[in-house]
Each structure stands twice: as structure tokens, then as C-alpha cells.
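Below is the file start_35.cif, which contains mmCIF, C-alpha atoms.
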```
data_structure
loop_
_atom_site.label_atom_id
_atom_site.label_comp_id
_atom_site.auth_asym_id
_atom_site.auth_seq_id
_atom_site.Cartn_x
_atom_site.Cartn_y
_atom_site.Cartn_z
CA MET A 4 1.99 -14.40 21.26
CA SER A 5 0.03 -17.10 19.44
CA ARG A 6 0.32 -17.53 15.69
CA TYR A 7 -2.51 -16.72 13.33
CA PRO A 8 -4.08 -19.64 11.41
CA ALA A 9 -2.25 -20.73 8.28
CA ASP A 10 -4.91 -19.19 6.04
CA VAL A 11 -4.18 -15.64 7.31
CA ALA A 12 -1.58 -13.46 5.57
CA LEU A 13 -0.04 -10.10 6.46
CA VAL A 14 0.50 -7.52 3.71
CA VAL A 15 2.91 -4.71 4.65
CA ILE A 16 2.35 -1.77 2.32
CA ASP A 17 5.16 0.53 1.15
CA LEU A 18 7.26 0.82 4.31
CA GLN A 19 9.80 3.01 2.54
CA PRO A 20 11.84 6.07 3.61
CA ASP A 21 10.25 8.39 1.04
CA PHE A 22 6.96 8.02 2.95
CA MET A 23 8.58 8.98 6.27
CA PRO A 24 9.69 12.31 7.80
CA GLY A 25 12.44 13.75 5.63
CA GLY A 26 11.25 11.76 2.62
CA ALA A 27 9.83 13.06 -0.63
CA LEU A 28 6.20 12.24 0.28
CA ALA A 29 6.19 12.05 4.05
CA CYS A 30 3.25 10.62 5.97
CA VAL A 31 2.37 11.98 9.40
CA ASP A 32 4.77 10.18 11.81
CA GLY A 33 5.36 7.57 9.13
CA ASP A 34 8.50 6.31 10.85
CA ALA A 35 6.69 5.67 14.13
CA ILE A 36 5.21 2.37 12.95
CA VAL A 37 8.52 0.81 11.90
CA PRO A 38 9.52 -0.68 15.28
CA ASP A 39 6.12 -2.30 15.87
CA ILE A 40 5.95 -3.75 12.36
CA ALA A 41 9.50 -5.04 12.73
CA ALA A 42 8.52 -6.69 16.02
CA LEU A 43 5.36 -8.18 14.50
CA LEU A 44 7.36 -9.79 11.71
CA ALA A 45 10.05 -10.99 14.14
CA GLU A 46 7.39 -12.76 16.21
CA ARG A 47 6.56 -14.91 13.15
CA ARG A 48 2.86 -14.73 13.98
CA TYR A 49 1.96 -14.86 10.27
CA GLY A 50 2.78 -17.88 8.17
CA THR A 51 2.59 -15.79 4.98
CA VAL A 52 4.00 -12.26 4.72
CA VAL A 53 3.91 -10.01 1.66
CA ALA A 54 5.67 -6.66 1.37
CA THR A 55 4.86 -4.13 -1.34
CA GLN A 56 7.36 -1.62 -2.67
CA ASP A 57 6.44 1.52 -4.60
CA TRP A 58 8.89 1.46 -7.52
CA HIS A 59 8.40 4.27 -10.02
CA PRO A 60 10.34 5.18 -13.16
CA ALA A 61 11.78 8.70 -12.92
CA ASP A 62 9.24 10.04 -15.44
CA HIS A 63 6.16 8.47 -13.84
CA ALA A 64 2.84 10.01 -14.90
CA SER A 65 1.73 10.59 -11.29
CA PHE A 66 4.61 13.02 -10.66
CA ALA A 67 3.70 16.71 -10.78
CA SER A 68 7.08 17.30 -12.41
CA GLN A 69 5.76 15.56 -15.54
CA HIS A 70 2.85 18.01 -15.90
CA PRO A 71 4.07 21.57 -16.60
CA GLY A 72 2.00 24.18 -14.85
CA HIS A 73 0.83 21.82 -12.10
CA LEU A 74 2.03 21.46 -8.52
CA PRO A 75 2.22 18.48 -6.16
CA PHE A 76 -1.12 17.56 -4.57
CA GLU A 77 -3.13 19.14 -7.36
CA ALA A 78 -5.71 16.86 -8.97
CA ILE A 79 -5.98 16.26 -12.71
CA LEU A 80 -7.73 13.76 -14.93
CA LEU A 81 -5.48 10.90 -16.03
CA HIS A 82 -7.06 8.30 -18.32
CA ALA A 83 -10.40 10.03 -17.56
CA GLN A 84 -10.03 9.35 -13.83
CA PRO A 85 -9.10 11.71 -10.95
CA GLN A 86 -5.37 11.60 -10.27
CA THR A 87 -3.54 13.35 -7.44
CA LEU A 88 -0.17 14.62 -8.60
CA TRP A 89 2.65 13.70 -6.24
CA PRO A 90 6.17 14.92 -5.59
CA ASP A 91 8.72 12.67 -7.27
CA HIS A 92 9.02 9.72 -4.89
CA CYS A 93 10.15 6.08 -4.67
CA VAL A 94 12.13 6.38 -7.89
CA GLN A 95 13.55 3.01 -8.88
CA GLY A 96 16.94 2.39 -7.31
CA SER A 97 16.87 5.45 -5.05
CA ALA A 98 17.49 5.33 -1.30
CA GLY A 99 13.97 6.59 -0.66
CA ALA A 100 12.50 3.63 -2.56
CA ALA A 101 14.29 0.98 -0.49
CA LEU A 102 12.33 -1.09 1.99
CA HIS A 103 13.05 0.33 5.43
CA PRO A 104 16.28 -1.14 6.83
CA GLY A 105 14.82 -1.32 10.32
CA VAL A 106 12.78 -4.38 9.35
CA ASP A 107 14.10 -7.88 8.69
CA TRP A 108 12.55 -8.45 5.28
CA THR A 109 13.95 -11.97 4.97
CA VAL A 110 10.72 -13.16 6.62
CA ALA A 111 8.71 -11.90 3.63
CA ASP A 112 7.54 -14.63 1.28
CA LEU A 113 6.94 -12.14 -1.54
CA ILE A 114 8.08 -8.60 -2.29
CA LEU A 115 5.72 -7.03 -4.84
CA ARG A 116 6.89 -3.94 -6.71
CA LYS A 117 4.10 -1.68 -7.92
CA GLY A 118 3.81 1.54 -9.88
CA THR A 119 6.43 0.30 -12.32
CA ARG A 120 4.55 1.28 -15.49
CA ARG A 121 5.13 4.89 -16.46
CA ALA A 122 1.57 5.68 -17.53
CA VAL A 123 -0.32 4.04 -14.66
CA ASP A 124 -0.30 4.79 -10.94
CA SER A 125 -0.69 1.89 -8.53
CA TYR A 126 -1.94 2.49 -5.00
CA SER A 127 -3.29 -0.97 -4.30
CA ALA A 128 -1.32 -4.17 -3.80
CA PHE A 129 -4.02 -6.01 -5.76
CA ARG A 130 -4.84 -3.77 -8.74
CA GLU A 131 -3.21 -0.88 -10.50
CA ASN A 132 -5.13 2.37 -10.92
CA HIS A 133 -7.09 2.93 -14.12
CA GLY A 134 -4.95 2.68 -17.23
CA PRO A 135 -5.35 4.02 -20.77
CA ASP A 136 -7.88 1.30 -21.63
CA GLY A 137 -10.08 2.19 -18.65
CA THR A 138 -9.40 -0.98 -16.68
CA ARG A 139 -7.56 -1.60 -13.43
CA PRO A 140 -5.11 -4.43 -14.20
CA ALA A 141 -4.54 -7.06 -11.53
CA THR A 142 -1.07 -7.31 -9.99
CA GLY A 143 -1.41 -11.09 -9.57
CA LEU A 144 -1.26 -10.92 -5.78
CA ALA A 145 -4.81 -12.21 -5.28
CA GLY A 146 -4.12 -15.32 -7.34
CA TRP A 147 -0.82 -15.92 -5.53
CA LEU A 148 -2.56 -15.73 -2.14
CA HIS A 149 -5.52 -17.86 -3.20
CA GLU A 150 -3.21 -20.57 -4.48
CA ARG A 151 -1.47 -20.62 -1.10
CA GLY A 152 -4.82 -21.21 0.61
CA ILE A 153 -5.09 -17.73 2.11
CA ARG A 154 -8.61 -16.68 3.08
CA GLU A 155 -7.95 -13.67 5.32
CA VAL A 156 -5.63 -10.71 4.76
CA HIS A 157 -4.37 -8.23 7.36
CA VAL A 158 -2.90 -4.94 6.13
CA CYS A 159 -0.56 -2.33 7.60
CA GLY A 160 1.97 0.24 6.38
CA LEU A 161 1.82 3.49 4.41
CA ALA A 162 -0.16 5.43 3.60
CA ARG A 163 -3.35 4.77 5.54
CA ASP A 164 -5.52 7.01 3.35
CA TYR A 165 -4.23 5.81 -0.02
CA CYS A 166 -2.26 2.62 -0.62
CA VAL A 167 -3.28 0.75 2.55
CA LEU A 168 -6.95 1.68 2.18
CA TRP A 169 -7.07 0.80 -1.51
CA SER A 170 -5.29 -2.49 -0.84
CA ALA A 171 -7.80 -3.39 1.87
CA GLN A 172 -10.76 -2.52 -0.35
CA ASP A 173 -9.38 -4.50 -3.29
CA ALA A 174 -8.62 -7.46 -1.03
CA VAL A 175 -12.32 -7.62 -0.15
CA LYS A 176 -13.23 -7.45 -3.84
CA SER A 177 -10.75 -10.28 -4.46
CA GLY A 178 -12.64 -12.56 -2.09
CA PHE A 179 -10.68 -12.25 1.16
CA ARG A 180 -11.79 -11.43 4.67
CA VAL A 181 -9.82 -8.33 5.60
CA LYS A 182 -8.59 -6.70 8.80
CA PHE A 183 -6.87 -3.34 9.08
CA HIS A 184 -4.03 -2.74 11.59
CA TRP A 185 -5.02 0.89 12.26
CA ASP A 186 -2.18 1.58 14.71
CA LEU A 187 0.35 0.17 12.25
CA THR A 188 -0.62 2.69 9.56
CA ARG A 189 -0.14 6.44 9.15
CA PRO A 190 -1.84 8.85 6.69
CA VAL A 191 -0.57 11.39 4.21
CA THR A 192 -2.90 13.71 6.10
CA ASP A 193 -4.81 12.86 9.26
CA ALA A 194 -7.68 15.02 7.99
CA ASN A 195 -8.59 11.93 5.93
CA ASP A 196 -9.01 9.61 8.91
CA GLY A 197 -12.79 10.07 9.05
CA MET A 198 -13.07 9.19 5.37
CA VAL A 199 -10.91 6.10 5.89
CA ARG A 200 -13.01 4.84 8.79
CA GLU A 201 -16.21 5.35 6.78
CA ALA A 202 -14.75 3.48 3.83
CA LEU A 203 -13.64 0.59 6.04
CA ALA A 204 -17.07 0.36 7.64
CA LYS A 205 -18.77 0.41 4.24
CA ALA A 206 -16.56 -2.46 3.04
CA LYS A 207 -17.07 -4.37 6.33
CA ILE A 208 -13.33 -4.32 7.01
CA ALA A 209 -12.54 -4.88 10.69
CA VAL A 210 -10.16 -2.50 12.43
CA ILE A 211 -7.66 -4.20 14.75
#
```
Written as C-alpha cells, how would this file's structure read?
Amino acid sequence: MSRYPADVALVVIDLQPDFMPGGALACVDGDAIVPDIAALLAERRYGTVVATQDWHPADHASFASQHPGHLPFEAILLHAQPQTLWPDHCVQGSAGAALHPGVDWTVADLILRKGTRRAVDSYSAFRENHGPDGTRPATGLAGWLHERGIREVHVCGLARDYCVLWSAQDAVKSGFRVKFHWDLTRPVTDANDGMVREALAKAKIAVI
């Protein structure tokens, strides 16, 4: 397979056991994409590879366990914004938070940990969710990619309807052309696939 141009980067989102069958927040067939992503990285088709890693403190504000009277998947307002409450997942240092061992991560140029601040969730690789001051702080990834001469970003990983989608949308807002490896993603719920496709079309993100 031919290599992509040097100005194209691959961002692999949250390929972690907690998002796979048997994990704390399992995506539909989340483990099914691991072999193909491992093969894609092994082919060295991308000159720049970034991996993100959800990395929450045990008392993270997005966990339903931190909100008495609420259950996982309920929605509340957090910092005046809608927030889905999740099962405890990807807790720092836990086995479920590790990058999947079926992938050779030594090819990654950068591993970006997100969701590390207790009070702020972080779906996107490029910006955290809204914080107490009402802003969405940048993670620094956009600047890192721009300084490496990257103009186009391809995304894959978990979950299609949350972290991968938000990362793709924020990549566009950060000035990149963006493509979405649909078959190398899986959703929390496939009922959201129509919404995801509409959102990608609205943002002019190509599906590959």
C-alpha cells in the first residue's frame, strides 16, 4: 500500500479495553477494529501518528458514581452544559485504561492523555468539554500538528458517536481537512449512526 503524503496524520482515538466488550463502557463490537488498526499502523502508511488515551481520576465529574441519585447514561447539566453520566471507566493506572496491547504503539509519535482534570470531561482530542469558566480549553494537539506541517487529519477508534466524532469536528475547526475511517470506528450505540453521518456531512468531513 502506498504511503499518504507527509502532511497527513492519523489520530487513533481511545483504543482502550474499557471501551470494548467486557469493559466498563463497552462500545458495540469495539474490539473488532483492533486488528485492522494494528495492521494500518504496521504498514507505516502515515508519517505522523497520534494516539489518545482517556485517563480519568477516580473521582471524575463525568462518573455517575460522583452524583448521588443518578445512574449511568443519565444526562445532567455540568457547568451549564449537557453532560452524559458514565460508568466509572479508564481510571488512571487501571488495566481498562491501558492502550490496547494488540497494537504496536511504538509507531505513535505522540500519546495524548485526556480527561485528566477532575471537573472537566474531554471527548475530543483537540479540546476539552466546557469547563467551569464556560470555555473549551485546547489540548495543544492542533498546534503540535500545525507545527509539524500537517494539513489533513484522519481519525479512527472509539467511540464513533462521541470521542471520534467530536475530534473530527474540532479538527475541522482547527483548520485541518478531515477524513473519517468509518469502518475503523464503533459506537457506544449504533442508534446514533444516523446522527453521526449527518454531523459529518454538515462539517464536510469525508467518510473513508
### Task
Using all atoms listed in the file, collect all residues at a distance of at most 10 Å from (-4.9, 12.3, -9.3) as written in the file, then present them as a ChimeraX atom specification.
/A:64-67,75-81,84-89,124
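Coordinates place atom CA of Val199 of chain A at a distance of 26.5 Å from atom CA of Ala101 of chain A.
Applied to this file, the PyMOL selection byres ((chain A and resi 172) around 9) selects Ser127, Val167, Leu168, Trp169, Ser170, Ala171, Asp173, Ala174, Val175, Lys176, Ser177, Val181, Ala202, Leu203, Ala206 and Ile208 of chain A.
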With C-alpha atoms retained, write the just-selected residues as a compact mmCIF listing (two decimals), in the frame of the given file.
```txt
# COMPACT_ATOMS: atom_id res chain seq x y z
CA SER A 127 -3.29 -0.97 -4.30
CA VAL A 167 -3.28 0.75 2.55
CA LEU A 168 -6.95 1.68 2.18
CA TRP A 169 -7.07 0.80 -1.51
CA SER A 170 -5.29 -2.49 -0.84
CA ALA A 171 -7.80 -3.39 1.87
CA ASP A 173 -9.38 -4.50 -3.29
CA ALA A 174 -8.62 -7.46 -1.03
CA VAL A 175 -12.32 -7.62 -0.15
CA LYS A 176 -13.23 -7.45 -3.84
CA SER A 177 -10.75 -10.28 -4.46
CA VAL A 181 -9.82 -8.33 5.60
CA ALA A 202 -14.75 3.48 3.83
CA LEU A 203 -13.64 0.59 6.04
CA ALA A 206 -16.56 -2.46 3.04
CA ILE A 208 -13.33 -4.32 7.01
```
### Query
Could you spell out the hits of the PyMOL selection byres ((chain A and resi 22) around 9) on the shown file, as JSON, numbers by chain?
{"A": [17, 18, 19, 20, 21, 23, 24, 25, 26, 27, 28, 29, 30, 31, 33, 34, 92, 93, 99, 100, 161, 162, 191]}
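Take atom CA of Ala204 of chain A and atom CA of Tyr49 of chain A: the distance between them is 24.5 Å.
On the file presented, the PyMOL selection byres ((chain A and resi 51) around 10) picks out Tyr7, Ala9, Asp10, Val11, Ala12, Leu13, Val14, Arg47, Arg48, Tyr49, Gly50, Val52, Val53, Val110, Ala111, Asp112, Leu113, Leu148, Arg151, Ile153 and Val156 of chain A.
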